[in-house]
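Single-structure report; data block below.
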Amino acid sequence: MSVEKEAIHQRLKAAVHYTVGRMCQRMGEDHRREFSRQVIAAIAETTFRQCDVFAKDLEAFARHAKRSTVSPEDVKLAARRSTALSIFIQNKSEELNQEQRDSKKKNTGKRKSRDTEEESRE
Amino acid sequence: MAEREPEVEFKKETVSKLLSSFFKEDKTKLSGDAALLMAEMLKVFVQEAAMRSMKQAESEDCDQVDIEHFEKILPQLLLDF
């Protein structure tokens, strides 16, 4: 792997580690248990590696559909192994579509000020 | 503070860069919506990993969630995803 790619991966790993750490901390607070630092590091590492698996799957699905851009449909396929997960992702996708439909309705009424408000929220 | 702080999530940009870095072809891109959905999926992945490890620790009467607990639940976690 090139030096640059390695550096990018290091930074991304750190970002994942940070978010995983915060998630585990929250969960630990909620259930009055602590996660050891080793476990947090292990979950972060596993998540990072799982992204490789997801990415390769997503790329293959998109290519199979003769697209070069991965779409929500590809993500839904990637979630196929667990029924609960599949339903969860489908619902999230529906939510996203609904949000976009709602924001389009707002935008046709009021223009520039709304646009900047939406953008700053993202 | 009575209100719960917002949930911890993966940032859309981080997820996007992360997945893109693993694509084999340069031309493959990730749509914005797909990135958001993947952020949700990763959140679920981490939550499952953490919850299952914690349940394992609880079943063994351990106060702290340790690496052995995670190791025990890891195979099934990977199969489920």
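Order determines the names: the first chain of the structure tokens is A, the second B, and so forth; residues in each chain are numbered 1 upward, and ligands are numbered 1 upward as they are shown.
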
When you get a sec, could you note down which chain A residues fall within 8 Å of chain B, using only C-alpha atoms, as an NGL selection string? :A and (5 or 9 or 12 or 15-16 or 19-20 or 22-24 or 27 or 33-36 or 38-39 or 42-43 or 47 or 51-52 or 54-56 or 59 or 68-72 or 74-75 or 79 or 81-82 or 89 or 92-93 or 96)

Write the selection just made, keeping N, CA, C and O atoms, as a short mmCIF file (atom, residue, chain, number, x, y, z; two decimals), in the first residue's frame?
```cif
data_model
loop_
_atom_site.label_atom_id
_atom_site.label_comp_id
_atom_site.auth_asym_id
_atom_site.auth_seq_id
_atom_site.Cartn_x
_atom_site.Cartn_y
_atom_site.Cartn_z
N LYS A 5 -1.78 6.32 1.15
CA LYS A 5 -2.96 5.55 1.50
C LYS A 5 -2.86 5.07 2.95
O LYS A 5 -3.83 5.07 3.68
N HIS A 9 -5.44 5.84 5.94
CA HIS A 9 -6.04 4.79 6.74
C HIS A 9 -5.80 5.00 8.23
O HIS A 9 -6.67 4.74 9.05
N LEU A 12 -8.22 7.59 9.38
CA LEU A 12 -9.58 7.06 9.42
C LEU A 12 -9.75 6.09 10.59
O LEU A 12 -10.77 6.08 11.27
N ALA A 15 -10.28 8.06 13.62
CA ALA A 15 -11.63 8.62 13.68
C ALA A 15 -12.62 7.55 14.13
O ALA A 15 -13.49 7.80 14.97
N VAL A 16 -12.50 6.36 13.57
CA VAL A 16 -13.38 5.26 13.96
C VAL A 16 -13.20 4.94 15.44
O VAL A 16 -14.16 4.78 16.18
N THR A 19 -14.98 7.49 17.66
CA THR A 19 -16.44 7.35 17.70
C THR A 19 -16.85 6.09 18.45
O THR A 19 -17.78 6.11 19.26
N VAL A 20 -16.13 5.00 18.20
CA VAL A 20 -16.43 3.75 18.90
C VAL A 20 -16.27 3.95 20.41
O VAL A 20 -17.09 3.48 21.21
N ARG A 22 -16.58 6.65 22.16
CA ARG A 22 -17.69 7.43 22.72
C ARG A 22 -18.95 6.60 22.82
O ARG A 22 -19.70 6.70 23.79
N MET A 23 -19.20 5.78 21.80
CA MET A 23 -20.39 4.93 21.83
C MET A 23 -20.32 3.96 23.01
O MET A 23 -21.31 3.77 23.73
N CYS A 24 -19.17 3.35 23.20
CA CYS A 24 -19.01 2.40 24.29
C CYS A 24 -19.14 3.09 25.64
O CYS A 24 -19.69 2.54 26.59
N MET A 27 -22.82 3.64 26.29
CA MET A 27 -23.47 2.38 26.60
C MET A 27 -23.09 1.93 27.99
O MET A 27 -23.91 1.43 28.76
N ARG A 33 -21.58 -0.35 33.37
CA ARG A 33 -20.43 -1.25 33.20
C ARG A 33 -19.39 -0.52 32.39
O ARG A 33 -19.72 0.32 31.58
N GLU A 34 -18.13 -0.88 32.58
CA GLU A 34 -17.09 -0.21 31.83
C GLU A 34 -16.51 -1.12 30.76
O GLU A 34 -16.37 -2.32 30.99
N PHE A 35 -16.17 -0.51 29.64
CA PHE A 35 -15.49 -1.26 28.59
C PHE A 35 -14.00 -1.04 28.75
O PHE A 35 -13.54 0.09 28.86
N SER A 36 -13.22 -2.13 28.76
CA SER A 36 -11.78 -1.96 28.86
C SER A 36 -11.26 -1.31 27.59
O SER A 36 -11.89 -1.39 26.53
N GLN A 38 -8.87 -2.21 25.81
CA GLN A 38 -8.58 -3.25 24.82
C GLN A 38 -9.82 -3.57 23.99
O GLN A 38 -9.73 -3.73 22.77
N VAL A 39 -10.96 -3.68 24.67
CA VAL A 39 -12.19 -4.02 23.97
C VAL A 39 -12.56 -2.93 22.98
O VAL A 39 -12.93 -3.20 21.83
N ALA A 42 -10.42 -3.20 20.09
CA ALA A 42 -10.75 -4.37 19.29
C ALA A 42 -12.02 -4.12 18.47
O ALA A 42 -12.09 -4.49 17.29
N ILE A 43 -13.03 -3.50 19.08
CA ILE A 43 -14.26 -3.20 18.34
C ILE A 43 -13.96 -2.23 17.21
O ILE A 43 -14.45 -2.39 16.08
N THR A 47 -14.52 -3.03 13.34
CA THR A 47 -15.39 -2.17 12.54
C THR A 47 -14.66 -1.69 11.29
O THR A 47 -15.21 -1.69 10.18
N CYS A 51 -15.55 -2.57 7.30
CA CYS A 51 -15.80 -1.58 6.25
C CYS A 51 -15.20 -2.05 4.93
O CYS A 51 -15.75 -1.77 3.85
N ASP A 52 -14.08 -2.74 5.01
CA ASP A 52 -13.46 -3.28 3.81
C ASP A 52 -14.42 -4.28 3.16
O ASP A 52 -14.68 -4.22 1.95
N PHE A 54 -17.72 -4.48 3.59
CA PHE A 54 -18.89 -3.74 3.09
C PHE A 54 -18.56 -3.05 1.77
O PHE A 54 -19.32 -3.11 0.80
N ALA A 55 -17.41 -2.36 1.74
CA ALA A 55 -17.04 -1.59 0.56
C ALA A 55 -16.92 -2.48 -0.67
O ALA A 55 -17.43 -2.15 -1.75
N LYS A 56 -16.28 -3.65 -0.50
CA LYS A 56 -16.12 -4.55 -1.64
C LYS A 56 -17.48 -5.05 -2.12
O LYS A 56 -17.75 -5.13 -3.32
N GLU A 59 -19.35 -2.18 -3.88
CA GLU A 59 -18.79 -1.95 -5.21
C GLU A 59 -19.25 -3.02 -6.19
O GLU A 59 -19.63 -2.72 -7.34
N SER A 68 -21.57 3.16 -11.59
CA SER A 68 -20.29 3.38 -10.92
C SER A 68 -20.48 4.10 -9.59
O SER A 68 -19.52 4.28 -8.85
N THR A 69 -21.72 4.48 -9.30
CA THR A 69 -21.99 5.13 -8.01
C THR A 69 -22.83 4.20 -7.14
O THR A 69 -23.89 3.72 -7.56
N VAL A 70 -22.32 3.95 -5.94
CA VAL A 70 -23.04 3.11 -5.00
C VAL A 70 -24.29 3.84 -4.52
O VAL A 70 -24.22 4.99 -4.11
N SER A 71 -25.43 3.15 -4.59
CA SER A 71 -26.70 3.78 -4.22
C SER A 71 -27.29 3.13 -2.97
O SER A 71 -26.80 2.08 -2.53
N PRO A 72 -28.36 3.73 -2.41
CA PRO A 72 -29.03 3.12 -1.26
C PRO A 72 -29.49 1.68 -1.54
O PRO A 72 -29.51 0.85 -0.62
N ASP A 74 -27.90 -0.56 -3.11
CA ASP A 74 -26.76 -1.43 -2.83
C ASP A 74 -26.59 -1.63 -1.33
O ASP A 74 -26.26 -2.73 -0.88
N VAL A 75 -26.82 -0.59 -0.57
CA VAL A 75 -26.69 -0.69 0.88
C VAL A 75 -27.74 -1.66 1.42
O VAL A 75 -27.46 -2.48 2.31
N ALA A 79 -27.25 -5.30 3.56
CA ALA A 79 -27.84 -5.59 4.87
C ALA A 79 -28.71 -6.84 4.85
O ALA A 79 -29.44 -7.11 5.80
N ARG A 81 -28.29 -10.05 5.19
CA ARG A 81 -28.09 -11.26 6.01
C ARG A 81 -28.97 -11.35 7.23
O ARG A 81 -29.30 -12.43 7.70
N SER A 82 -29.32 -10.21 7.80
CA SER A 82 -30.16 -10.24 8.99
C SER A 82 -31.47 -9.55 8.66
O SER A 82 -31.48 -8.43 8.15
N ILE A 89 -32.64 -0.87 7.85
CA ILE A 89 -32.04 -0.05 6.80
C ILE A 89 -33.10 0.43 5.81
O ILE A 89 -33.07 1.57 5.35
N LYS A 92 -34.81 3.32 7.41
CA LYS A 92 -33.96 4.51 7.40
C LYS A 92 -33.97 5.14 6.01
O LYS A 92 -33.98 6.36 5.86
N SER A 93 -33.95 4.29 4.99
CA SER A 93 -33.95 4.77 3.62
C SER A 93 -35.25 5.51 3.33
O SER A 93 -35.24 6.58 2.71
N LEU A 96 -35.13 8.89 4.97
CA LEU A 96 -34.32 9.81 4.19
C LEU A 96 -35.10 10.37 3.02
O LEU A 96 -35.09 11.57 2.76
#
```

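Taking CA of Ser2 (chain A) as the reference point, CA of Gln50 (chain A) is found at 21.0 Å.
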
Write down as a PyMOL selection string the residues belonging to region 3-122 of chain A that are assigned helix (DSSP H, G or I) by DSSP computed on the backbone. chain A and resi 3-31+37-64+72-78+83-109+112-121

Could you give me, as a list of chain:residue names, each residue of chain A that DSSP assigns to strand (DSSP E or B) when run on this structure's backbone? A:Glu34, A:Phe35, A:Thr69, A:Val70

Preceding selection exported with N, CA and C atoms as a short mmCIF file (atom, residue, chain, number, x, y, z; two decimals), in the first residue's frame:
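And here's part14.cif as it stands now:
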```cif
data_model
loop_
_atom_site.label_atom_id
_atom_site.label_comp_id
_atom_site.auth_asym_id
_atom_site.auth_seq_id
_atom_site.Cartn_x
_atom_site.Cartn_y
_atom_site.Cartn_z
N GLU A 34 -18.13 -0.88 32.58
CA GLU A 34 -17.09 -0.21 31.83
C GLU A 34 -16.51 -1.12 30.76
N PHE A 35 -16.17 -0.51 29.64
CA PHE A 35 -15.49 -1.26 28.59
C PHE A 35 -14.00 -1.04 28.75
N THR A 69 -21.72 4.48 -9.30
CA THR A 69 -21.99 5.13 -8.01
C THR A 69 -22.83 4.20 -7.14
N VAL A 70 -22.32 3.95 -5.94
CA VAL A 70 -23.04 3.11 -5.00
C VAL A 70 -24.29 3.84 -4.52
#
```
